[in-house]
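Student: There's a structure below that I have some questions on.
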Amino acid sequence: MTEHILIAIAWPYANASIHVGNITGSHLPGDIVARYHRLKGHHVLMVSGTDSHGTPVTLRADAEGKPVEEVYKRFHNEFIDLFQQAGISFDLFTTTHTENHFKVAQSVFLALLKNGYLYTKTTPQWYSPAAKRFLPDRYVEGTCYLCGYEGARSDQCDRCGNVLEPEKLLEPRSKADGSRPELRETEHYYLDLSKLEPDVAEFLRARQSYWRETVISQSLGQIESEGLQPRPITRDLDWGIPVPVEGWSGKCLYVWFEAVIGYLSAAIEWAKINGSPETWKNWWTEPEARAYYFIGKDNIFFHAAMWPAQLKGAGAQFLEFFAGQPGKPLNLPYDVPANQFMNLENKKISGSRNWAVWGLDFLTRYDPDALRYYLTINMPETRDTDWDWAEFVARNNNELVATWGNLANRVLSFAYKHWEGVVPDPGELRPADREILATVESGFQSVGNHLESVNLRAALGEAIRLASEVNKYLDTSAPWFEIKTDKTAAAKTIYTALRCIDSLKVLLAPVLPFTCQRLHDYLGYDQPLFGEQYVEEQTDSLGSHTTLRYRPIPAGPLWQPSQLAPGKALRPPGPLFKKLEESVAEEERSRLG
RNA sequence: UGCGGGGUGGAGCAGUGGCAGCUCGUCGGGCUCAUAACCCGAAGGUCCCAGGUCCGAAUCCUGGCCCCGCUACCA
């Protein structure tokens, strides 16, 4: 049966480049699961985009003396470049700065308003007369009214560790320009999360059995101990989505509220530019559809508690405001398999200190599948992990190159050399041949189950273990010996081994799409394993924005054991991976900091 | 202070009640198809410490010690 799978990936913020921690945290795991479901023949919709709004972007633009649009677009285009090179195969990677997203976000707001989940409240906020704007709490520094520390942020003191009431800060100054802000009254909308708390708790309890422990404890656990408090969802800002209420000009939807709505608006945009504007509903309002959200641990509460509250609160009324007619309510997340963090050489990644491995920079020196392999086998699924350059080199050489790459290469070159470039005819297979085939083919269940439940390390480990089984089989059968005395026996061995690597190619393809495609070509196939990524410009009333898209191949399940036919023509093989010098570790370490 | 995550052979990790496992490294052997790759074997652990529960604990309970994160625009 064909399923609809929504792969929702965290939206990178438009004020910093993407590093390996970001990639292993959300983009790569999402892509692996998406590719797996595509191979299964399911209908996958994988979306994300650049989170373009908010104060940090405007401050950065001010600092550079450039228009804010220019700054967000620079990062947006950089993200697209990286995702294309790394094979992060979004059906649509867009941005929050689109006419469509504005309308979708405003419709969610209006639905919540109509359903009685919003209220307004007036509070004092720090206002900068110099910059003529309100400042976010963390951009106001001053003296802590509890301990007297002079470098406290208005919402939190670094020295005494207390959470502060921003308006009580002494000697306030703007972090942007040092000027002295003043308190001004301002009115904002609040999402009454306390009203939605029972719904959110029920939603989480229903999923408790299969969600990651860390995610449950940080969402359900926190709600049970502290409850859900109302939160403001608007800000005094001009770079963002206007509040769709008369008399509220100069105020925008708060980024935490608005950006997550991108998962919905991107699906809608995708359907629209595909010329089938209603199809997004297959993923969003059909209850059997499953939505997976790939995020880092810092985002757990927003995705596992707040976003479900927004969706539940908007409910069927979303369509009333968006399309002018009522419809089904929106689907809540099926799973939020959040990852922990990846450190770098035992220290926390820090962009500003250049303690980071940047995605684009990495790909100028190494291949994308080497990156994807190391990030997957070392993915922070249950705890923080560490990127260690020496380990990267060792795993690349010992596992990727030696166990898997060498297996494919030795089988292919032997076959190509001794059977004039075609798959040998094995005749009747021997018990040992059938046994190794059964072992490898069991991977479609075992590896598949791991991918299905988003245990990607385990999935990859299992696939590599199966490759190692084939190496043992080859050693036992020794076709290089058989060929001297009994070419028929060697044909059985090599045919069997070819079928094994043909199957392993599929099992590994979600993690290693580039090299598996190469192997697929060597094995003589003409149809590709996956569709292709391409860049396309979209135009709307806000101007134009670049999108990264994916052109799928005709549907049909490829996730099944090899059916390699004897006599099939092979193509001249070559090594799939590059072995790395051990000196690489030291060279790379010297780039840090 | 508080909250969270950890302490398992040289390194990195898996393992939540039943003979302690994986990858790498080390040592010895085999093979020569393959990117000096592949295969076999060996050495190496009081599973942080001390109590407790249990027929039985790395795994559960109690107490203690140590490390890391939450404190910076930074996932």
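The way I read the labels, and the way they are meant: chains A, B, ... in the order of the structure tokens, residue 1 as the first residue of every chain, and ligand 1 as the first ligand shown, with later ones counted on from there.
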Looking only at the backbone, which of the residues in stretch 15-119 of chain A does DSSP tag as alpha helix (DSSP H), as a PyMOL selection string?
Tutor: chain A and resi 20-22+28-39+55-64+68-86+99-114
Student: Please return, as a list in words, all residues of chain B lying within 8 Å of chain A when only C-alpha atoms (C1' of nucleotides) are considered.
Tutor: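 Going by the stated atoms only, the list reads G5, C24, C31, C33, A34, U35, A37, C38, C39, U71, C73, C74 and A75 of chain B.
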Student: In Å, rounded to a single decimal, give me how far atom CA of A:Leu319 is from atom CA of A:Leu253.
Tutor: 19.4 Å
Student: For A:Trp419, list every protein, DNA or RNA residue within 12 Å, evaluated using only C-alpha atoms (C1' of nucleotides), and leave out those in the same chain fewer than 2 positions away; present the list as a list of chain:residue names.
Tutor: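 Final neighbour list, sorted by chain and number: A:Val411, A:Leu412, A:Ser413, A:Phe414, A:Ala415, A:Tyr416, A:Lys417, A:Gly421, A:Val422, A:Val423, A:Pro424, A:Asp425, A:Pro426, A:Ile483, A:Lys487, A:Thr488, A:Ala490, A:Ala491, A:Ile494, A:Tyr495, A:Pro566, A:Gly567, A:Lys568, A:Ala569, A:Leu570.
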Student: Hey, what's within 8 Å of A:Pro368 if we count only C-alpha atoms (C1' of nucleotides) and toss same-chain stuff fewer than 2 positions away? As a ChimeraX atom specification, please?
Tutor: /A:85-87,363,366,370-372,514
Student: Kindly export the residues of the current selection with C-alpha atoms, as a PDB file, in the first residue's frame.
Tutor:
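The resulting file, again29.pdb, is shown below:
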ATOM      1  CA  GLN A  85      25.963  19.335  -3.137  1.00  0.00           C
ATOM      2  CA  ALA A  86      25.256  17.175  -0.109  1.00  0.00           C
ATOM      3  CA  GLY A  87      22.232  15.519  -1.710  1.00  0.00           C
ATOM      4  CA  LEU A 363      32.730  19.562   0.387  1.00  0.00           C
ATOM      5  CA  TYR A 366      35.922  15.644   0.427  1.00  0.00           C
ATOM      6  CA  ALA A 370      32.118  10.330   3.001  1.00  0.00           C
ATOM      7  CA  LEU A 371      30.435  13.079   4.986  1.00  0.00           C
ATOM      8  CA  ARG A 372      27.085  11.316   5.038  1.00  0.00           C
ATOM      9  CA  PHE A 514      25.900   9.332  -4.845  1.00  0.00           C
TER      10      PHE A 514
END
Student: Using the chain letters and numbers from this document, which residues of stretch 8-246 of chain A does DSSP assign to strand (DSSP E), as a VMD selection string?
Tutor: chain A and resid 8 to 9 43 to 50 92 to 95 118 to 128 133 to 134 140 to 143 152 to 153 170 to 174 182 to 191 231 to 232 234 to 236
Student: With C-alpha atoms retained, export the selected residues as a short mmCIF file (atom, residue, chain, number, x, y, z; two decimals), in the first residue's frame.
Tutor:
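Output contents, as saved in result.cif:
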data_model
loop_
_atom_site.label_atom_id
_atom_site.label_comp_id
_atom_site.auth_asym_id
_atom_site.auth_seq_id
_atom_site.Cartn_x
_atom_site.Cartn_y
_atom_site.Cartn_z
CA ALA A 8 9.63 18.16 7.85
CA ILE A 9 13.13 19.45 8.50
CA HIS A 43 4.68 9.34 -1.63
CA VAL A 44 7.24 11.48 0.10
CA LEU A 45 7.03 15.21 0.57
CA MET A 46 10.18 16.64 2.13
CA VAL A 47 10.09 20.34 2.92
CA SER A 48 11.97 23.08 4.69
CA GLY A 49 13.20 26.57 4.01
CA THR A 50 15.14 29.52 5.28
CA LEU A 92 10.80 22.01 -1.81
CA PHE A 93 13.26 24.17 0.07
CA THR A 94 11.77 27.65 0.18
CA THR A 95 11.77 30.58 2.61
CA LEU A 118 -5.62 34.25 21.62
CA TYR A 119 -5.87 37.26 23.91
CA THR A 120 -4.05 40.58 24.17
CA LYS A 121 -2.05 42.05 27.00
CA THR A 122 -0.11 45.29 27.49
CA THR A 123 3.34 45.16 29.09
CA PRO A 124 6.38 47.42 29.38
CA GLN A 125 9.21 46.60 26.95
CA TRP A 126 12.61 48.12 26.35
CA TYR A 127 12.51 50.62 23.50
CA SER A 128 15.55 52.15 21.87
CA ARG A 133 12.52 50.27 17.78
CA PHE A 134 11.76 47.85 20.58
CA VAL A 140 19.37 44.54 26.32
CA GLU A 141 22.23 44.35 28.83
CA GLY A 142 22.65 46.02 32.17
CA THR A 143 23.16 45.48 35.86
CA ALA A 152 23.56 40.73 32.70
CA ARG A 153 21.09 40.17 29.88
CA LEU A 170 19.31 48.41 36.13
CA GLU A 171 21.44 50.68 33.94
CA PRO A 172 20.11 49.19 30.68
CA ARG A 173 21.98 49.54 27.41
CA SER A 174 21.35 48.25 23.91
CA GLU A 182 13.59 53.19 27.89
CA LEU A 183 10.50 51.32 28.96
CA ARG A 184 7.39 51.77 26.87
CA GLU A 185 4.00 50.16 27.08
CA THR A 186 3.13 47.89 24.18
CA GLU A 187 0.28 45.54 23.42
CA HIS A 188 0.70 42.00 22.14
CA TYR A 189 -1.23 38.86 21.31
CA TYR A 190 -0.69 35.82 23.51
CA LEU A 191 -1.37 32.21 22.68
CA ARG A 231 3.27 32.99 25.40
CA PRO A 232 3.36 36.18 23.34
CA THR A 234 3.64 39.04 18.29
CA ARG A 235 6.55 41.50 18.47
CA ASP A 236 7.25 45.15 17.70
#
Student: Could you tell me how far atom CA of A:Trp284 sits from atom CA of A:Leu332, in Å to one decimal place?
Tutor: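 Between these atoms lies a distance of 8.5 Å.
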Student: Can you pull out the residues contacting B:U62? Cut-off 12 Å, using only C-alpha atoms (C1' of nucleotides), and skip same-chain residues under 5 positions away; I want them as a PDB file with N, CA and C atoms (P, O5', C5', C4', C3', O3' and C1' of nucleotides), in the first residue's frame.
Tutor:
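File part_7.pdb, as written:
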ATOM      1  P     A B  50      34.234  -1.406  45.808  1.00  0.00           P
ATOM      2  O5'   A B  50      33.264  -0.857  46.943  1.00  0.00           O
ATOM      3  C5'   A B  50      33.806  -0.230  48.104  1.00  0.00           C
ATOM      4  C4'   A B  50      32.680   0.176  49.011  1.00  0.00           C
ATOM      5  C3'   A B  50      31.611  -0.881  49.205  1.00  0.00           C
ATOM      6  O3'   A B  50      32.010  -1.853  50.147  1.00  0.00           O
ATOM      7  C1'   A B  50      30.590   1.211  48.809  1.00  0.00           C
ATOM      8  P     G B  51      31.169  -3.219  50.274  1.00  0.00           P
ATOM      9  O5'   G B  51      29.969  -2.723  51.174  1.00  0.00           O
ATOM     10  C5'   G B  51      28.794  -3.464  51.214  1.00  0.00           C
ATOM     11  C4'   G B  51      27.668  -2.597  51.696  1.00  0.00           C
ATOM     12  C3'   G B  51      26.319  -3.217  51.431  1.00  0.00           C
ATOM     13  O3'   G B  51      25.988  -4.135  52.438  1.00  0.00           O
ATOM     14  C1'   G B  51      26.317  -1.030  50.587  1.00  0.00           C
ATOM     15  P     G B  52      25.582  -5.619  51.986  1.00  0.00           P
ATOM     16  O5'   G B  52      24.099  -5.394  51.452  1.00  0.00           O
ATOM     17  C5'   G B  52      23.149  -4.752  52.300  1.00  0.00           C
ATOM     18  C4'   G B  52      21.971  -4.287  51.499  1.00  0.00           C
ATOM     19  C3'   G B  52      21.212  -5.357  50.724  1.00  0.00           C
ATOM     20  O3'   G B  52      20.374  -6.121  51.563  1.00  0.00           O
ATOM     21  C1'   G B  52      21.460  -3.424  49.394  1.00  0.00           C
ATOM     22  P     U B  53      19.958  -7.620  51.169  1.00  0.00           P
ATOM     23  O5'   U B  53      18.951  -7.369  49.963  1.00  0.00           O
ATOM     24  C5'   U B  53      17.690  -6.748  50.193  1.00  0.00           C
ATOM     25  C4'   U B  53      16.891  -6.731  48.915  1.00  0.00           C
ATOM     26  C3'   U B  53      16.809  -8.073  48.191  1.00  0.00           C
ATOM     27  O3'   U B  53      15.786  -8.905  48.748  1.00  0.00           O
ATOM     28  C1'   U B  53      17.346  -6.380  46.641  1.00  0.00           C
TER      29        U B  53
END
Student: Set the distance at 12 Å and use only C-alpha atoms (C1' of nucleotides): which residues neighbour B:U26 once local chain neighbours fewer than 2 positions away are removed? I'd like the list as a list in words.
Tutor: G10, A11, C24, G28, A42, A43 and G44 of chain B
Student: Dump C-alpha atoms (C1' of nucleotides) for the selected residues as a CSV table (one decimal), in the first residue's frame?
Tutor:
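That gives us selection28.csv:
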chain,number,residue,atom,x,y,z
B,10,G,C1',44.7,1.1,24.8
B,11,A,C1',40.7,4.5,22.0
B,24,C,C1',39.4,0.6,15.6
B,28,G,C1',50.2,-14.1,15.3
B,42,A,C1',45.0,-14.4,20.1
B,43,A,C1',46.1,-11.1,24.1
B,44,G,C1',43.5,-7.4,26.8
Student: So which residues touch A:Lys312 within 8 Å, counting only C-alpha atoms (C1' of nucleotides), skipping near sequence neighbours fewer than 5 positions away, as a compact mmCIF listing (two decimals) with N, CA, C and O atoms, in the first residue's frame?
Tutor:
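Okay, part_15.txt is ready:
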# COMPACT_ATOMS: atom_id res chain seq x y z
N LEU A 196 -4.83 24.86 25.88
CA LEU A 196 -4.54 23.76 24.97
C LEU A 196 -3.76 22.63 25.64
O LEU A 196 -3.53 21.58 25.05
N ASP A 199 -5.04 19.00 25.50
CA ASP A 199 -4.93 18.43 24.15
C ASP A 199 -3.49 18.01 23.85
O ASP A 199 -3.25 16.95 23.29
N PRO A 329 -9.45 19.10 9.89
CA PRO A 329 -8.38 19.67 10.71
C PRO A 329 -7.01 19.21 10.23
O PRO A 329 -6.89 18.26 9.47
N LEU A 330 -5.98 19.92 10.66
CA LEU A 330 -4.61 19.64 10.24
C LEU A 330 -4.02 18.50 11.07
O LEU A 330 -4.29 18.38 12.25
N LEU A 332 -1.43 16.32 13.20
CA LEU A 332 -0.39 16.57 14.20
C LEU A 332 0.82 15.68 13.88
O LEU A 332 0.70 14.72 13.13
Student: Find the distance between atom CA of A:Arg205 and atom CA of A:Gly116 and write it in Å to one decimal.
Tutor: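 We find that atom CA of A:Arg205 and atom CA of A:Gly116 lie 24.5 Å from each other.
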Student: Given only C-alpha atoms as the basis, pick out the residue of A:Asp502, A:Trp358, A:Glu246, A:Ile553 nearest to A:Glu588.
Tutor: A:Trp358
